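Undergrad: The structure file query_11.pdb (PDB, C-alpha atoms, pLDDT in the B column) is provided below.
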ATOM      1  CA  MET A   1       0.000   0.000   0.000  1.00 41.00           C
ATOM      2  CA  THR A   2       1.161   3.495  -0.774  1.00 40.00           C
ATOM      3  CA  ASN A   3      -0.348   6.470   1.002  1.00 43.00           C
ATOM      4  CA  GLY A   4      -3.082   4.179   2.251  1.00 48.00           C
ATOM      5  CA  LYS A   5      -4.055   3.077  -1.258  1.00 50.00           C
ATOM      6  CA  SER A   6      -3.673  -0.387  -2.709  1.00 53.00           C
ATOM      7  CA  PRO A   7      -1.652  -0.580  -5.940  1.00 58.00           C
ATOM      8  CA  PHE A   8      -4.586  -2.548  -7.400  1.00 66.00           C
ATOM      9  CA  ALA A   9      -8.096  -1.213  -7.859  1.00 74.00           C
ATOM     10  CA  PRO A  10     -10.591  -2.826  -5.437  1.00 74.00           C
ATOM     11  CA  PRO A  11     -12.640  -4.382  -8.277  1.00 78.00           C
ATOM     12  CA  ALA A  12      -9.465  -6.004  -9.670  1.00 80.00           C
ATOM     13  CA  ILE A  13      -8.620  -7.428  -6.255  1.00 80.00           C
ATOM     14  CA  ALA A  14     -12.197  -8.679  -5.795  1.00 83.00           C
ATOM     15  CA  MET A  15     -12.054 -10.424  -9.173  1.00 86.00           C
ATOM     16  CA  LEU A  16      -8.586 -11.888  -8.530  1.00 85.00           C
ATOM     17  CA  MET A  17      -9.622 -13.163  -5.097  1.00 86.00           C
ATOM     18  CA  GLY A  18     -13.031 -14.413  -6.224  1.00 89.00           C
ATOM     19  CA  ILE A  19     -14.741 -12.383  -3.506  1.00 89.00           C
ATOM     20  CA  THR A  20     -18.473 -13.041  -3.322  1.00 88.00           C
ATOM     21  CA  SER A  21     -21.187 -10.425  -2.972  1.00 85.00           C
ATOM     22  CA  SER A  22     -22.006 -11.755   0.511  1.00 87.00           C
ATOM     23  CA  GLN A  23     -18.374 -11.260   1.540  1.00 85.00           C
ATOM     24  CA  LEU A  24     -18.533  -7.687   0.272  1.00 82.00           C
ATOM     25  CA  LYS A  25     -21.782  -7.023   2.160  1.00 84.00           C
ATOM     26  CA  SER A  26     -20.324  -8.298   5.443  1.00 85.00           C
ATOM     27  CA  ALA A  27     -16.945  -6.574   4.990  1.00 79.00           C
ATOM     28  CA  SER A  28     -15.538  -4.303   7.673  1.00 80.00           C
ATOM     29  CA  GLU A  29     -13.858  -0.991   6.878  1.00 76.00           C
ATOM     30  CA  LEU A  30     -10.644  -2.988   6.363  1.00 73.00           C
ATOM     31  CA  GLY A  31     -12.242  -5.112   3.662  1.00 78.00           C
ATOM     32  CA  PRO A  32     -13.778  -8.568   3.383  1.00 84.00           C
ATOM     33  CA  ILE A  33     -12.462 -11.651   5.111  1.00 87.00           C
ATOM     34  CA  ILE A  34     -11.209 -14.125   2.543  1.00 87.00           C
ATOM     35  CA  THR A  35     -10.705 -17.859   2.744  1.00 88.00           C
ATOM     36  CA  VAL A  36      -7.444 -19.743   2.365  1.00 86.00           C
ATOM     37  CA  ASP A  37      -8.810 -21.226  -0.878  1.00 87.00           C
ATOM     38  CA  GLN A  38      -9.464 -17.736  -2.250  1.00 88.00           C
ATOM     39  CA  LEU A  39      -5.966 -16.613  -1.315  1.00 84.00           C
ATOM     40  CA  MET A  40      -4.314 -19.670  -2.835  1.00 82.00           C
ATOM     41  CA  GLY A  41      -6.527 -19.311  -5.916  1.00 85.00           C
ATOM     42  CA  ALA A  42      -5.329 -15.741  -6.378  1.00 85.00           C
ATOM     43  CA  PHE A  43      -1.714 -16.853  -6.048  1.00 80.00           C
ATOM     44  CA  ALA A  44      -2.364 -19.598  -8.596  1.00 79.00           C
ATOM     45  CA  LYS A  45      -3.712 -17.007 -11.031  1.00 81.00           C
ATOM     46  CA  LEU A  46      -0.558 -14.925 -10.583  1.00 78.00           C
ATOM     47  CA  VAL A  47       1.981 -17.757 -10.531  1.00 76.00           C
ATOM     48  CA  PRO A  48       1.015 -21.218 -11.815  1.00 72.00           C
ATOM     49  CA  PRO A  49       1.253 -23.654  -8.846  1.00 68.00           C
ATOM     50  CA  GLU A  50       2.211 -26.529 -11.159  1.00 76.00           C
ATOM     51  CA  ASP A  51       5.493 -24.715 -11.704  1.00 75.00           C
ATOM     52  CA  THR A  52       6.547 -25.599  -8.165  1.00 75.00           C
ATOM     53  CA  GLN A  53       9.970 -23.943  -8.243  1.00 77.00           C
ATOM     54  CA  VAL A  54       8.582 -20.619  -9.425  1.00 75.00           C
ATOM     55  CA  PHE A  55       5.600 -20.850  -7.048  1.00 73.00           C
ATOM     56  CA  GLU A  56       7.914 -21.629  -4.116  1.00 76.00           C
ATOM     57  CA  ARG A  57      10.297 -18.782  -4.998  1.00 78.00           C
ATOM     58  CA  LYS A  58       7.692 -16.153  -5.874  1.00 75.00           C
ATOM     59  CA  VAL A  59       4.949 -16.961  -3.383  1.00 75.00           C
ATOM     60  CA  VAL A  60       5.634 -19.499  -0.642  1.00 77.00           C
ATOM     61  CA  VAL A  61       8.984 -18.083   0.488  1.00 82.00           C
ATOM     62  CA  HIS A  62       7.459 -14.617   0.931  1.00 81.00           C
ATOM     63  CA  ILE A  63       4.464 -15.942   2.852  1.00 82.00           C
ATOM     64  CA  LYS A  64       6.695 -17.946   5.190  1.00 87.00           C
ATOM     65  CA  HIS A  65       8.919 -14.921   5.777  1.00 86.00           C
ATOM     66  CA  GLU A  66       5.949 -12.666   6.510  1.00 87.00           C
ATOM     67  CA  VAL A  67       4.381 -15.198   8.889  1.00 88.00           C
ATOM     68  CA  LEU A  68       7.645 -15.391  10.846  1.00 91.00           C
ATOM     69  CA  ARG A  69       7.899 -11.608  10.861  1.00 91.00           C
ATOM     70  CA  LEU A  70       4.323 -11.211  12.107  1.00 91.00           C
ATOM     71  CA  ARG A  71       4.919 -13.723  14.902  1.00 93.00           C
ATOM     72  CA  HIS A  72       7.990 -11.732  15.900  1.00 94.00           C
ATOM     73  CA  VAL A  73       6.004  -8.484  15.801  1.00 94.00           C
ATOM     74  CA  LYS A  74       3.378 -10.000  18.115  1.00 95.00           C
ATOM     75  CA  SER A  75       6.074 -10.650  20.709  1.00 95.00           C
ATOM     76  CA  VAL A  76       7.902  -7.321  20.316  1.00 96.00           C
ATOM     77  CA  MET A  77       5.118  -4.738  20.041  1.00 96.00           C
ATOM     78  CA  PRO A  78       3.476  -5.299  23.447  1.00 96.00           C
ATOM     79  CA  GLU A  79       6.852  -4.695  25.076  1.00 96.00           C
ATOM     80  CA  VAL A  80       7.765  -1.542  23.150  1.00 97.00           C
ATOM     81  CA  ARG A  81       4.324   0.008  22.552  1.00 98.00           C
ATOM     82  CA  PRO A  82       4.393   2.049  25.809  1.00 98.00           C
ATOM     83  CA  LEU A  83       7.831   3.414  24.918  1.00 98.00           C
ATOM     84  CA  LEU A  84       6.703   4.231  21.371  1.00 98.00           C
ATOM     85  CA  ILE A  85       3.720   6.119  22.784  1.00 98.00           C
ATOM     86  CA  GLU A  86       6.049   7.975  25.151  1.00 98.00           C
ATOM     87  CA  LEU A  87       8.420   8.848  22.278  1.00 98.00           C
ATOM     88  CA  HIS A  88       5.544  10.076  20.125  1.00 98.00           C
ATOM     89  CA  ALA A  89       4.255  12.264  22.976  1.00 98.00           C
ATOM     90  CA  ALA A  90       7.718  13.599  23.790  1.00 97.00           C
ATOM     91  CA  VAL A  91       8.232  14.867  20.237  1.00 97.00           C
ATOM     92  CA  GLU A  92       4.553  15.805  19.850  1.00 97.00           C
ATOM     93  CA  GLY A  93       4.313  13.619  16.740  1.00 97.00           C
ATOM     94  CA  ASN A  94       6.937  15.680  14.918  1.00 97.00           C
ATOM     95  CA  THR A  95       7.682  13.925  11.633  1.00 97.00           C
ATOM     96  CA  ARG A  96      11.346  14.926  11.503  1.00 96.00           C
ATOM     97  CA  ALA A  97      12.031  13.774  15.093  1.00 97.00           C
ATOM     98  CA  LEU A  98      10.287  10.433  14.545  1.00 97.00           C
ATOM     99  CA  PHE A  99      12.169  10.036  11.261  1.00 96.00           C
ATOM    100  CA  GLU A 100      15.501  10.618  13.031  1.00 95.00           C
ATOM    101  CA  TRP A 101      14.660   7.831  15.497  1.00 96.00           C
ATOM    102  CA  PHE A 102      13.473   5.484  12.743  1.00 94.00           C
ATOM    103  CA  LEU A 103      16.569   6.161  10.650  1.00 92.00           C
ATOM    104  CA  GLU A 104      18.744   4.649  13.386  1.00 90.00           C
ATOM    105  CA  LEU A 105      17.041   1.295  12.793  1.00 88.00           C
ATOM    106  CA  ILE A 106      18.033   1.247   9.127  1.00 87.00           C
ATOM    107  CA  PRO A 107      21.475  -0.157   8.209  1.00 86.00           C
ATOM    108  CA  GLN A 108      24.034   2.655   7.926  1.00 88.00           C
ATOM    109  CA  GLN A 109      24.662   2.044   4.219  1.00 90.00           C
ATOM    110  CA  ASP A 110      20.931   2.399   3.393  1.00 86.00           C
ATOM    111  CA  ARG A 111      20.264   5.614   5.333  1.00 87.00           C
ATOM    112  CA  PRO A 112      21.242   8.130   2.632  1.00 87.00           C
ATOM    113  CA  GLY A 113      18.601   6.663   0.318  1.00 83.00           C
ATOM    114  CA  VAL A 114      15.703   7.239   2.719  1.00 87.00           C
ATOM    115  CA  PRO A 115      14.313  10.772   2.561  1.00 92.00           C
ATOM    116  CA  VAL A 116      11.912  12.039   5.217  1.00 93.00           C
ATOM    117  CA  GLU A 117       9.175  12.216   2.544  1.00 92.00           C
ATOM    118  CA  ALA A 118       9.455   8.455   1.965  1.00 90.00           C
ATOM    119  CA  PHE A 119       9.234   7.880   5.709  1.00 91.00           C
ATOM    120  CA  SER A 120       6.080  10.017   5.883  1.00 92.00           C
ATOM    121  CA  GLY A 121       4.346   8.690   2.819  1.00 90.00           C
ATOM    122  CA  LEU A 122       5.352   5.049   2.657  1.00 88.00           C
ATOM    123  CA  ILE A 123       6.062   4.080   6.249  1.00 90.00           C
ATOM    124  CA  MET A 124       3.814   6.384   8.273  1.00 93.00           C
ATOM    125  CA  GLN A 125       1.183   6.568   5.509  1.00 90.00           C
ATOM    126  CA  THR A 126       0.649  10.286   5.914  1.00 91.00           C
ATOM    127  CA  ASP A 127       0.930  13.125   3.456  1.00 92.00           C
ATOM    128  CA  PRO A 128       4.678  13.650   2.895  1.00 91.00           C
ATOM    129  CA  LYS A 129       4.156  17.392   3.426  1.00 91.00           C
ATOM    130  CA  GLU A 130       2.706  16.913   6.928  1.00 92.00           C
ATOM    131  CA  THR A 131       4.893  17.965   9.831  1.00 95.00           C
ATOM    132  CA  LYS A 132       3.092  15.687  12.316  1.00 97.00           C
ATOM    133  CA  VAL A 133       2.351  11.960  12.359  1.00 97.00           C
ATOM    134  CA  ASP A 134      -0.661  10.898  14.391  1.00 96.00           C
ATOM    135  CA  LEU A 135      -0.119   8.242  17.026  1.00 97.00           C
ATOM    136  CA  GLU A 136      -2.043   5.459  15.277  1.00 96.00           C
ATOM    137  CA  ASN A 137      -0.115   5.934  12.027  1.00 95.00           C
ATOM    138  CA  PHE A 138       3.142   5.958  13.961  1.00 97.00           C
ATOM    139  CA  LEU A 139       2.383   2.739  15.840  1.00 97.00           C
ATOM    140  CA  GLU A 140       1.104   1.022  12.705  1.00 94.00           C
ATOM    141  CA  GLY A 141       4.070   2.238  10.650  1.00 94.00           C
ATOM    142  CA  VAL A 142       6.539   0.869  13.193  1.00 95.00           C
ATOM    143  CA  GLU A 143       4.641  -2.406  13.494  1.00 94.00           C
ATOM    144  CA  ASN A 144       4.521  -2.853   9.725  1.00 90.00           C
ATOM    145  CA  ASN A 145       8.262  -2.292   9.443  1.00 91.00           C
ATOM    146  CA  ILE A 146       9.645  -4.283  12.349  1.00 92.00           C
ATOM    147  CA  ASP A 147      12.122  -6.797  11.053  1.00 90.00           C
ATOM    148  CA  THR A 148      12.992 -10.091  12.742  1.00 92.00           C
ATOM    149  CA  SER A 149      16.333  -8.541  13.707  1.00 92.00           C
ATOM    150  CA  ASP A 150      14.544  -5.801  15.677  1.00 94.00           C
ATOM    151  CA  THR A 151      14.455  -7.103  19.226  1.00 95.00           C
ATOM    152  CA  SER A 152      12.535  -5.532  22.085  1.00 96.00           C
ATOM    153  CA  ALA A 153      15.839  -4.678  23.756  1.00 96.00           C
ATOM    154  CA  LYS A 154      17.255  -3.037  20.607  1.00 95.00           C
ATOM    155  CA  LEU A 155      14.115  -0.957  20.071  1.00 96.00           C
ATOM    156  CA  ALA A 156      13.817  -0.013  23.753  1.00 97.00           C
ATOM    157  CA  THR A 157      17.455   1.107  23.892  1.00 96.00           C
ATOM    158  CA  SER A 158      17.018   3.232  20.796  1.00 96.00           C
ATOM    159  CA  ILE A 159      13.781   4.792  22.022  1.00 97.00           C
ATOM    160  CA  ARG A 160      15.222   5.547  25.478  1.00 97.00           C
ATOM    161  CA  ALA A 161      18.248   7.207  23.857  1.00 95.00           C
ATOM    162  CA  HIS A 162      15.936   9.518  21.919  1.00 94.00           C
ATOM    163  CA  LEU A 163      13.834  10.231  24.980  1.00 95.00           C
ATOM    164  CA  ALA A 164      17.006  11.258  26.848  1.00 93.00           C
ATOM    165  CA  LYS A 165      17.894  13.894  24.197  1.00 85.00           C
TER
END
Take the structure in this file and express it as structure tokens.

TA:
Amino acid sequence: MTNGKSPFAPPAIAMLMGITSSQLKSASELGPIITVDQLMGAFAKLVPPEDTQVFERKVVVHIKHEVLRLRHVKSVMPEVRPLLIELHAAVEGNTRALFEWFLELIPQQDRPGVPVEAFSGLIMQTDPKETKVDLENFLEGVENNIDTSDTSAKLATSIRAHLAK
């Protein structure tokens, strides 16, 4: 998603997923709940499952990685959420200050390629021209970008260092 918008039009996604009208009617604001069969069917339309090597490389590997990442996030976020809320309050949601903290989590060699506008638009999903990030976008942006190498201790140390400034 970019700026809160899917790269595919909702009707295209509905067709790809085989979403039924009853699923659409019962959908929440986040969208309809899909079945495993619908998800696998969509993957099969994108990458033929009979080509097992391609399907494994282009689909299965990414799903496995994301499942592991999400499990990790579930263990890390409850521990760091209070500190993230404290950091956000301390800087009053200031985009530049939150960006400076976030930048420390990115490998040194990749930092020059990450402008504050990309942080705002892609990671925090706010207008890149905004000078403030609301708390929910901040928490969601961090959660969506936690990597399996981001431990609770690493994040807590980094947040506390910024709070001490």

Undergrad: For this structure, which residues satisfy the selection - the PyMOL selection byres ((chain A and resi 155) around 10) - when it is evaluated on the file as given? I want them as a ChimeraX atom specification.

TA: /A:76-77,79-80,83-84,101-102,104-105,146,150-154,156-161

Undergrad: Would you write out those residues with C-alpha atoms, as a PDB file, keeping the file's coordinate frame?

TA:
ATOM      1  CA  VAL A  76       7.902  -7.321  20.316  1.00 96.00           C
ATOM      2  CA  MET A  77       5.118  -4.738  20.041  1.00 96.00           C
ATOM      3  CA  GLU A  79       6.852  -4.695  25.076  1.00 96.00           C
ATOM      4  CA  VAL A  80       7.765  -1.542  23.150  1.00 97.00           C
ATOM      5  CA  LEU A  83       7.831   3.414  24.918  1.00 98.00           C
ATOM      6  CA  LEU A  84       6.703   4.231  21.371  1.00 98.00           C
ATOM      7  CA  TRP A 101      14.660   7.831  15.497  1.00 96.00           C
ATOM      8  CA  PHE A 102      13.473   5.484  12.743  1.00 94.00           C
ATOM      9  CA  GLU A 104      18.744   4.649  13.386  1.00 90.00           C
ATOM     10  CA  LEU A 105      17.041   1.295  12.793  1.00 88.00           C
ATOM     11  CA  ILE A 146       9.645  -4.283  12.349  1.00 92.00           C
ATOM     12  CA  ASP A 150      14.544  -5.801  15.677  1.00 94.00           C
ATOM     13  CA  THR A 151      14.455  -7.103  19.226  1.00 95.00           C
ATOM     14  CA  SER A 152      12.535  -5.532  22.085  1.00 96.00           C
ATOM     15  CA  ALA A 153      15.839  -4.678  23.756  1.00 96.00           C
ATOM     16  CA  LYS A 154      17.255  -3.037  20.607  1.00 95.00           C
ATOM     17  CA  ALA A 156      13.817  -0.013  23.753  1.00 97.00           C
ATOM     18  CA  THR A 157      17.455   1.107  23.892  1.00 96.00           C
ATOM     19  CA  SER A 158      17.018   3.232  20.796  1.00 96.00           C
ATOM     20  CA  ILE A 159      13.781   4.792  22.022  1.00 97.00           C
ATOM     21  CA  ARG A 160      15.222   5.547  25.478  1.00 97.00           C
ATOM     22  CA  ALA A 161      18.248   7.207  23.857  1.00 95.00           C
TER      23      ALA A 161
END

Undergrad: Which residues fall under the PyMOL selection byres ((chain A and resi 96) around 10) in this file, as JSON, numbers by chain?

TA: {"A": [91, 93, 94, 95, 97, 98, 99, 100, 101, 102, 116, 117, 119, 120, 130, 131, 132, 133]}

Undergrad: One decimal, in Å: what's the spacing between CA of Leu87 (chain A) and CA of Val142 (chain A)?

TA: 12.2 Å

Undergrad: So, with all atoms listed in the file as the atoms that count, which of A:Ala27, A:Val61, A:Ile13, A:Val54 lies closest to Ala42 (chain A)?

TA: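 Nearest candidate to Ala42 (chain A) out of A:Ala27, A:Val61, A:Ile13, A:Val54: A:Ile13.
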
Undergrad: Write out as a ChimeraX atom specification the residues lying within 12 Å of Val60 (chain A), counting only C-alpha atoms and excluding same-chain residues fewer than 4 positions away.

TA: /A:39-40,43-44,47,49,52-56,64-67

Undergrad: Reconstruct N, CA and C atoms of region 97-114 of chain A from the incomplete input and present them as a PDB file, in the coordinates of the input.

TA:
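Output below, filename rebuild.pdb:
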ATOM      1  N   ALA A  97      11.477  14.429  13.905  1.00 97.00           N
ATOM      2  CA  ALA A  97      12.031  13.774  15.093  1.00 97.00           C
ATOM      3  C   ALA A  97      11.779  12.269  15.058  1.00 97.00           C
ATOM      4  N   LEU A  98      10.588  11.867  14.643  1.00 97.00           N
ATOM      5  CA  LEU A  98      10.287  10.433  14.545  1.00 97.00           C
ATOM      6  C   LEU A  98      11.127   9.787  13.444  1.00 97.00           C
ATOM      7  N   PHE A  99      11.330  10.514  12.362  1.00 96.00           N
ATOM      8  CA  PHE A  99      12.169  10.036  11.261  1.00 96.00           C
ATOM      9  C   PHE A  99      13.601   9.819  11.743  1.00 96.00           C
ATOM     10  N   GLU A 100      14.128  10.753  12.525  1.00 95.00           N
ATOM     11  CA  GLU A 100      15.501  10.618  13.031  1.00 95.00           C
ATOM     12  C   GLU A 100      15.643   9.368  13.895  1.00 95.00           C
ATOM     13  N   TRP A 101      14.618   9.064  14.700  1.00 96.00           N
ATOM     14  CA  TRP A 101      14.660   7.831  15.497  1.00 96.00           C
ATOM     15  C   TRP A 101      14.606   6.621  14.568  1.00 96.00           C
ATOM     16  N   PHE A 102      13.665   6.625  13.638  1.00 94.00           N
ATOM     17  CA  PHE A 102      13.473   5.484  12.743  1.00 94.00           C
ATOM     18  C   PHE A 102      14.714   5.214  11.903  1.00 94.00           C
ATOM     19  N   LEU A 103      15.374   6.277  11.492  1.00 92.00           N
ATOM     20  CA  LEU A 103      16.569   6.161  10.650  1.00 92.00           C
ATOM     21  C   LEU A 103      17.658   5.342  11.339  1.00 92.00           C
ATOM     22  N   GLU A 104      17.738   5.411  12.647  1.00 90.00           N
ATOM     23  CA  GLU A 104      18.744   4.649  13.386  1.00 90.00           C
ATOM     24  C   GLU A 104      18.549   3.139  13.244  1.00 90.00           C
ATOM     25  N   LEU A 105      17.341   2.722  12.921  1.00 88.00           N
ATOM     26  CA  LEU A 105      17.041   1.295  12.793  1.00 88.00           C
ATOM     27  C   LEU A 105      17.425   0.744  11.425  1.00 88.00           C
ATOM     28  N   ILE A 106      17.696   1.637  10.498  1.00 87.00           N
ATOM     29  CA  ILE A 106      18.033   1.247   9.127  1.00 87.00           C
ATOM     30  C   ILE A 106      19.548   1.058   9.041  1.00 87.00           C
ATOM     31  N   PRO A 107      20.021   0.023   8.348  1.00 86.00           N
ATOM     32  CA  PRO A 107      21.475  -0.157   8.209  1.00 86.00           C
ATOM     33  C   PRO A 107      22.140   1.115   7.683  1.00 86.00           C
ATOM     34  N   GLN A 108      23.293   1.425   8.239  1.00 88.00           N
ATOM     35  CA  GLN A 108      24.034   2.655   7.926  1.00 88.00           C
ATOM     36  C   GLN A 108      24.134   2.902   6.416  1.00 88.00           C
ATOM     37  N   GLN A 109      24.451   1.866   5.662  1.00 90.00           N
ATOM     38  CA  GLN A 109      24.662   2.044   4.219  1.00 90.00           C
ATOM     39  C   GLN A 109      23.375   2.396   3.469  1.00 90.00           C
ATOM     40  N   ASP A 110      22.206   2.113   4.057  1.00 86.00           N
ATOM     41  CA  ASP A 110      20.931   2.399   3.393  1.00 86.00           C
ATOM     42  C   ASP A 110      20.336   3.745   3.789  1.00 86.00           C
ATOM     43  N   ARG A 111      20.850   4.370   4.809  1.00 87.00           N
ATOM     44  CA  ARG A 111      20.264   5.614   5.333  1.00 87.00           C
ATOM     45  C   ARG A 111      20.234   6.764   4.339  1.00 87.00           C
ATOM     46  N   PRO A 112      21.290   6.983   3.562  1.00 87.00           N
ATOM     47  CA  PRO A 112      21.242   8.130   2.632  1.00 87.00           C
ATOM     48  C   PRO A 112      20.105   8.026   1.604  1.00 87.00           C
ATOM     49  N   GLY A 113      19.655   6.842   1.319  1.00 83.00           N
ATOM     50  CA  GLY A 113      18.601   6.663   0.318  1.00 83.00           C
ATOM     51  C   GLY A 113      17.190   6.777   0.857  1.00 83.00           C
ATOM     52  N   VAL A 114      17.033   7.157   2.123  1.00 87.00           N
ATOM     53  CA  VAL A 114      15.703   7.239   2.719  1.00 87.00           C
ATOM     54  C   VAL A 114      15.395   8.694   3.085  1.00 87.00           C
TER      55      VAL A 114
END
